[in-house]
Amino acid sequence: MSTDTTASVSTHILDTSIGRPAGGLAVSLSARGGSGAQWAVLGGSATDADGRCKDLPALPEGTTHVRLDFATEAYFTADKQADAQQDAPANRDSGAAGAFFPEVAITFAVVPGEHYHVPLLLNPFGYSVYRGS
């Protein structure tokens with residue numbers, strides 16, 4: 001949870017190609033304190049059956065920028081996803097790896113005292129992200 005001196009982050013992922021939450025997708029959280037600072041990996045999680053990461057680590061005091069890294073290739077190349085996709089074959093136009101976007105990295109600015117919910121709408125050939133509530 002955010003405090004007066006820190007921000008907090010949450011996310012969830014919806015797989016729009018199958019119309020369901022994206023469960024089991026690995027997410028990594030990194031932070032830095034200024035535009036020129038080095039990124040520090042704080043930890044990670046994986047989405048639950050509802051597509052949510054409920055255990056992302058807290059942001060350290062002084063954090064000004066956050067990066068969420070979503071491991072989409074492993075998610076889309078898993079057997080369960082290849083069978084579930086209806087109109088988007090896993091290997092179409094994506095090369096040998098089977099995922100057009102093997103990872104999605106979202107970077108955003110934060111201010112202390114605010115909570116940032118960052119949903120990812122995902123399909124094999126595109127994604128959208130926004131600041132949620």
# chains A, B, ... in the order shown; residues from 1 in each chain; ligands from 1
>>> closest_atom_pairs(of="segment 96-132 of chain A", to="segment 41-60 of chain A", cutoff="10 Å", atoms="only C-alpha atoms", output="tab-separated table")
residue	atom	partner	partner_atom	distance
A:Pro112	CA	A:Leu59	CA	9.7
A:Pro119	CA	A:Arg52	CA	9.1
A:Leu120	CA	A:Gly51	CA	9.7
>>> select_by_dssp(residues="chain A", states="strand (DSSP E)", output="PyMOL selection string")
chain A and resi 8-15+20-21+26-32+40-46+52-53+65-70+104-109+115-117+120-123+126-129
>>> atom_distance(atom1="atom CA of Tyr75 of chain A", atom2="atom CA of Thr11 of chain A")
16.2 Å
>>> select_by_dssp(residues="chain A", states="alpha helix (DSSP H)", output="list in words")
Thr72, Glu73, Ala74, Tyr75, Phe76, Thr77, Asp79, Lys80, Gln81, Ala82, Asp83 and Ala84 of chain A
>>> write_last_selection(atoms="N, CA and C atoms", output="mmCIF file, in the first residue's frame")
data_model
loop_
_atom_site.group_PDB
_atom_site.id
_atom_site.type_symbol
_atom_site.label_atom_id
_atom_site.label_comp_id
_atom_site.auth_asym_id
_atom_site.auth_seq_id
_atom_site.Cartn_x
_atom_site.Cartn_y
_atom_site.Cartn_z
ATOM 1 N N THR A 72 5.648 -12.403 -21.839
ATOM 2 C CA THR A 72 4.542 -12.846 -22.688
ATOM 3 C C THR A 72 4.874 -14.069 -23.540
ATOM 4 N N GLU A 73 6.127 -14.235 -23.926
ATOM 5 C CA GLU A 73 6.481 -15.368 -24.790
ATOM 6 C C GLU A 73 6.177 -16.700 -24.111
ATOM 7 N N ALA A 74 6.598 -16.856 -22.880
ATOM 8 C CA ALA A 74 6.346 -18.114 -22.165
ATOM 9 C C ALA A 74 4.846 -18.364 -22.025
ATOM 10 N N TYR A 75 4.101 -17.302 -21.793
ATOM 11 C CA TYR A 75 2.646 -17.433 -21.672
ATOM 12 C C TYR A 75 2.021 -17.904 -22.983
ATOM 13 N N PHE A 76 2.368 -17.269 -24.099
ATOM 14 C CA PHE A 76 1.738 -17.605 -25.369
ATOM 15 C C PHE A 76 2.239 -18.912 -25.975
ATOM 16 N N THR A 77 3.404 -19.380 -25.598
ATOM 17 C CA THR A 77 3.899 -20.632 -26.160
ATOM 18 C C THR A 77 3.539 -21.836 -25.307
ATOM 19 N N ASP A 79 1.335 -24.772 -23.927
ATOM 20 C CA ASP A 79 0.376 -25.606 -24.653
ATOM 21 C C ASP A 79 -1.065 -25.165 -24.452
ATOM 22 N N LYS A 80 -1.418 -24.764 -23.250
ATOM 23 C CA LYS A 80 -2.807 -24.405 -22.974
ATOM 24 C C LYS A 80 -3.236 -23.184 -23.776
ATOM 25 N N GLN A 81 -2.314 -22.267 -24.054
ATOM 26 C CA GLN A 81 -2.670 -21.068 -24.797
ATOM 27 C C GLN A 81 -2.760 -21.342 -26.286
ATOM 28 N N ALA A 82 -1.890 -22.167 -26.819
ATOM 29 C CA ALA A 82 -1.926 -22.455 -28.252
ATOM 30 C C ALA A 82 -3.260 -23.095 -28.623
ATOM 31 N N ASP A 83 -3.784 -23.945 -27.746
ATOM 32 C CA ASP A 83 -5.068 -24.583 -28.013
ATOM 33 C C ASP A 83 -6.234 -23.621 -27.843
ATOM 34 N N ALA A 84 -6.124 -22.653 -26.931
ATOM 35 C CA ALA A 84 -7.244 -21.778 -26.606
ATOM 36 C C ALA A 84 -7.427 -20.638 -27.601
#
>>> residues_around(residues="Asp4 of chain A", least_positions_apart="6", cutoff="10 Å", atoms="only C-alpha atoms", output="list in words")
Glu61, Val111, Pro112, Gly113 and Glu114 of chain A
>>> closest_residue(among="A:Val104, A:Val9, A:Ala40, A:Ala78", to="Phe125 of chain A", atoms="only C-alpha atoms")
A:Val104
>>> residues_around(residues="Ala71 of chain A", least_positions_apart="4", cutoff="9 Å", atoms="only C-alpha atoms", output="list in words")
Leu25, Ala26, Val27, Ser28, Tyr75, Pro102, Glu103, Val104 and Ala105 of chain A
>>> write_last_selection(atoms="all heavy atoms", output="PDB file, in the first residue's frame")
ATOM      1  N   LEU A  25       1.226 -15.776 -15.838  1.00  0.00           N
ATOM      2  CA  LEU A  25       2.165 -14.950 -16.594  1.00  0.00           C
ATOM      3  C   LEU A  25       3.118 -14.245 -15.626  1.00  0.00           C
ATOM      4  O   LEU A  25       2.677 -13.557 -14.702  1.00  0.00           O
ATOM      5  CB  LEU A  25       1.396 -13.925 -17.433  1.00  0.00           C
ATOM      6  CG  LEU A  25       2.163 -13.293 -18.589  1.00  0.00           C
ATOM      7  CD1 LEU A  25       1.209 -12.919 -19.714  1.00  0.00           C
ATOM      8  CD2 LEU A  25       2.924 -12.080 -18.158  1.00  0.00           C
ATOM      9  N   ALA A  26       4.419 -14.434 -15.816  1.00  0.00           N
ATOM     10  CA  ALA A  26       5.428 -13.847 -14.926  1.00  0.00           C
ATOM     11  C   ALA A  26       5.553 -12.345 -15.133  1.00  0.00           C
ATOM     12  O   ALA A  26       5.546 -11.863 -16.268  1.00  0.00           O
ATOM     13  CB  ALA A  26       6.785 -14.509 -15.155  1.00  0.00           C
ATOM     14  N   VAL A  27       5.667 -11.604 -14.026  1.00  0.00           N
ATOM     15  CA  VAL A  27       5.794 -10.152 -14.038  1.00  0.00           C
ATOM     16  C   VAL A  27       6.952  -9.776 -13.125  1.00  0.00           C
ATOM     17  O   VAL A  27       7.064 -10.272 -12.004  1.00  0.00           O
ATOM     18  CB  VAL A  27       4.498  -9.474 -13.533  1.00  0.00           C
ATOM     19  CG1 VAL A  27       4.644  -7.962 -13.522  1.00  0.00           C
ATOM     20  CG2 VAL A  27       3.304  -9.892 -14.372  1.00  0.00           C
ATOM     21  N   SER A  28       7.811  -8.892 -13.608  1.00  0.00           N
ATOM     22  CA  SER A  28       8.937  -8.389 -12.819  1.00  0.00           C
ATOM     23  C   SER A  28       8.743  -6.897 -12.574  1.00  0.00           C
ATOM     24  O   SER A  28       8.310  -6.167 -13.470  1.00  0.00           O
ATOM     25  CB  SER A  28      10.250  -8.636 -13.570  1.00  0.00           C
ATOM     26  OG  SER A  28      11.338  -8.069 -12.885  1.00  0.00           O
ATOM     27  N   TYR A  75       4.101 -17.302 -21.793  1.00  0.00           N
ATOM     28  CA  TYR A  75       2.646 -17.433 -21.672  1.00  0.00           C
ATOM     29  C   TYR A  75       2.021 -17.904 -22.983  1.00  0.00           C
ATOM     30  O   TYR A  75       1.228 -18.846 -22.999  1.00  0.00           O
ATOM     31  CB  TYR A  75       2.039 -16.095 -21.244  1.00  0.00           C
ATOM     32  CG  TYR A  75       0.535 -16.061 -21.285  1.00  0.00           C
ATOM     33  CD1 TYR A  75      -0.216 -16.680 -20.293  1.00  0.00           C
ATOM     34  CD2 TYR A  75      -0.135 -15.439 -22.327  1.00  0.00           C
ATOM     35  CE1 TYR A  75      -1.604 -16.673 -20.332  1.00  0.00           C
ATOM     36  CE2 TYR A  75      -1.523 -15.423 -22.381  1.00  0.00           C
ATOM     37  CZ  TYR A  75      -2.249 -16.039 -21.374  1.00  0.00           C
ATOM     38  OH  TYR A  75      -3.620 -16.027 -21.428  1.00  0.00           O
ATOM     39  N   PRO A 102       7.777 -10.983 -27.475  1.00  0.00           N
ATOM     40  CA  PRO A 102       8.239 -11.938 -26.471  1.00  0.00           C
ATOM     41  C   PRO A 102       8.219 -11.379 -25.047  1.00  0.00           C
ATOM     42  O   PRO A 102       8.223 -12.136 -24.077  1.00  0.00           O
ATOM     43  CB  PRO A 102       9.657 -12.277 -26.905  1.00  0.00           C
ATOM     44  CG  PRO A 102      10.074 -11.143 -27.780  1.00  0.00           C
ATOM     45  CD  PRO A 102       8.823 -10.587 -28.398  1.00  0.00           C
ATOM     46  N   GLU A 103       8.190 -10.071 -24.945  1.00  0.00           N
ATOM     47  CA  GLU A 103       8.058  -9.434 -23.638  1.00  0.00           C
ATOM     48  C   GLU A 103       7.426  -8.069 -23.846  1.00  0.00           C
ATOM     49  O   GLU A 103       7.498  -7.488 -24.922  1.00  0.00           O
ATOM     50  CB  GLU A 103       9.394  -9.290 -22.925  1.00  0.00           C
ATOM     51  CG  GLU A 103      10.387  -8.419 -23.666  1.00  0.00           C
ATOM     52  CD  GLU A 103      11.754  -8.384 -23.012  1.00  0.00           C
ATOM     53  OE1 GLU A 103      12.298  -9.455 -22.706  1.00  0.00           O
ATOM     54  OE2 GLU A 103      12.264  -7.269 -22.818  1.00  0.00           O
ATOM     55  N   VAL A 104       6.788  -7.588 -22.812  1.00  0.00           N
ATOM     56  CA  VAL A 104       6.215  -6.251 -22.829  1.00  0.00           C
ATOM     57  C   VAL A 104       6.773  -5.531 -21.604  1.00  0.00           C
ATOM     58  O   VAL A 104       6.659  -6.022 -20.481  1.00  0.00           O
ATOM     59  CB  VAL A 104       4.670  -6.295 -22.765  1.00  0.00           C
ATOM     60  CG1 VAL A 104       4.100  -4.899 -22.596  1.00  0.00           C
ATOM     61  CG2 VAL A 104       4.107  -6.961 -24.009  1.00  0.00           C
ATOM     62  N   ALA A 105       7.410  -4.380 -21.832  1.00  0.00           N
ATOM     63  CA  ALA A 105       7.955  -3.571 -20.742  1.00  0.00           C
ATOM     64  C   ALA A 105       7.206  -2.240 -20.705  1.00  0.00           C
ATOM     65  O   ALA A 105       7.164  -1.527 -21.710  1.00  0.00           O
ATOM     66  CB  ALA A 105       9.450  -3.338 -20.935  1.00  0.00           C
TER      67      ALA A 105
END
>>> atom_distance(atom1="atom CA of Pro124 of chain A", atom2="atom CA of Ala99 of chain A")
6.4 Å
>>> atom_distance(atom1="atom CA of Arg20 of chain A", atom2="atom CA of Val110 of chain A")
28.8 Å
>>> residues_around(residues="Asn123 of chain A", least_positions_apart="5", cutoff="7 Å", atoms="only C-alpha atoms", output="short mmCIF file (atom, residue, chain, number, x, y, z; two decimals) with C-alpha atoms, in the first residue's frame")
data_model
loop_
_atom_site.label_atom_id
_atom_site.label_comp_id
_atom_site.auth_asym_id
_atom_site.auth_seq_id
_atom_site.Cartn_x
_atom_site.Cartn_y
_atom_site.Cartn_z
CA ASP A 15 -5.95 -12.07 -22.66
CA THR A 16 -8.30 -10.52 -25.21
CA SER A 17 -7.69 -13.35 -27.71
#
>>> closest_residue(among="A:Ala7, A:Ala22, A:Val118, A:Leu14", to="Gly62 of chain A", atoms="only C-alpha atoms")
A:Ala7
>>> closest_residue(among="A:Ser10, A:Ala31, A:Gly19, A:Ala109", to="Leu121 of chain A", atoms="only C-alpha atoms")
A:Gly19
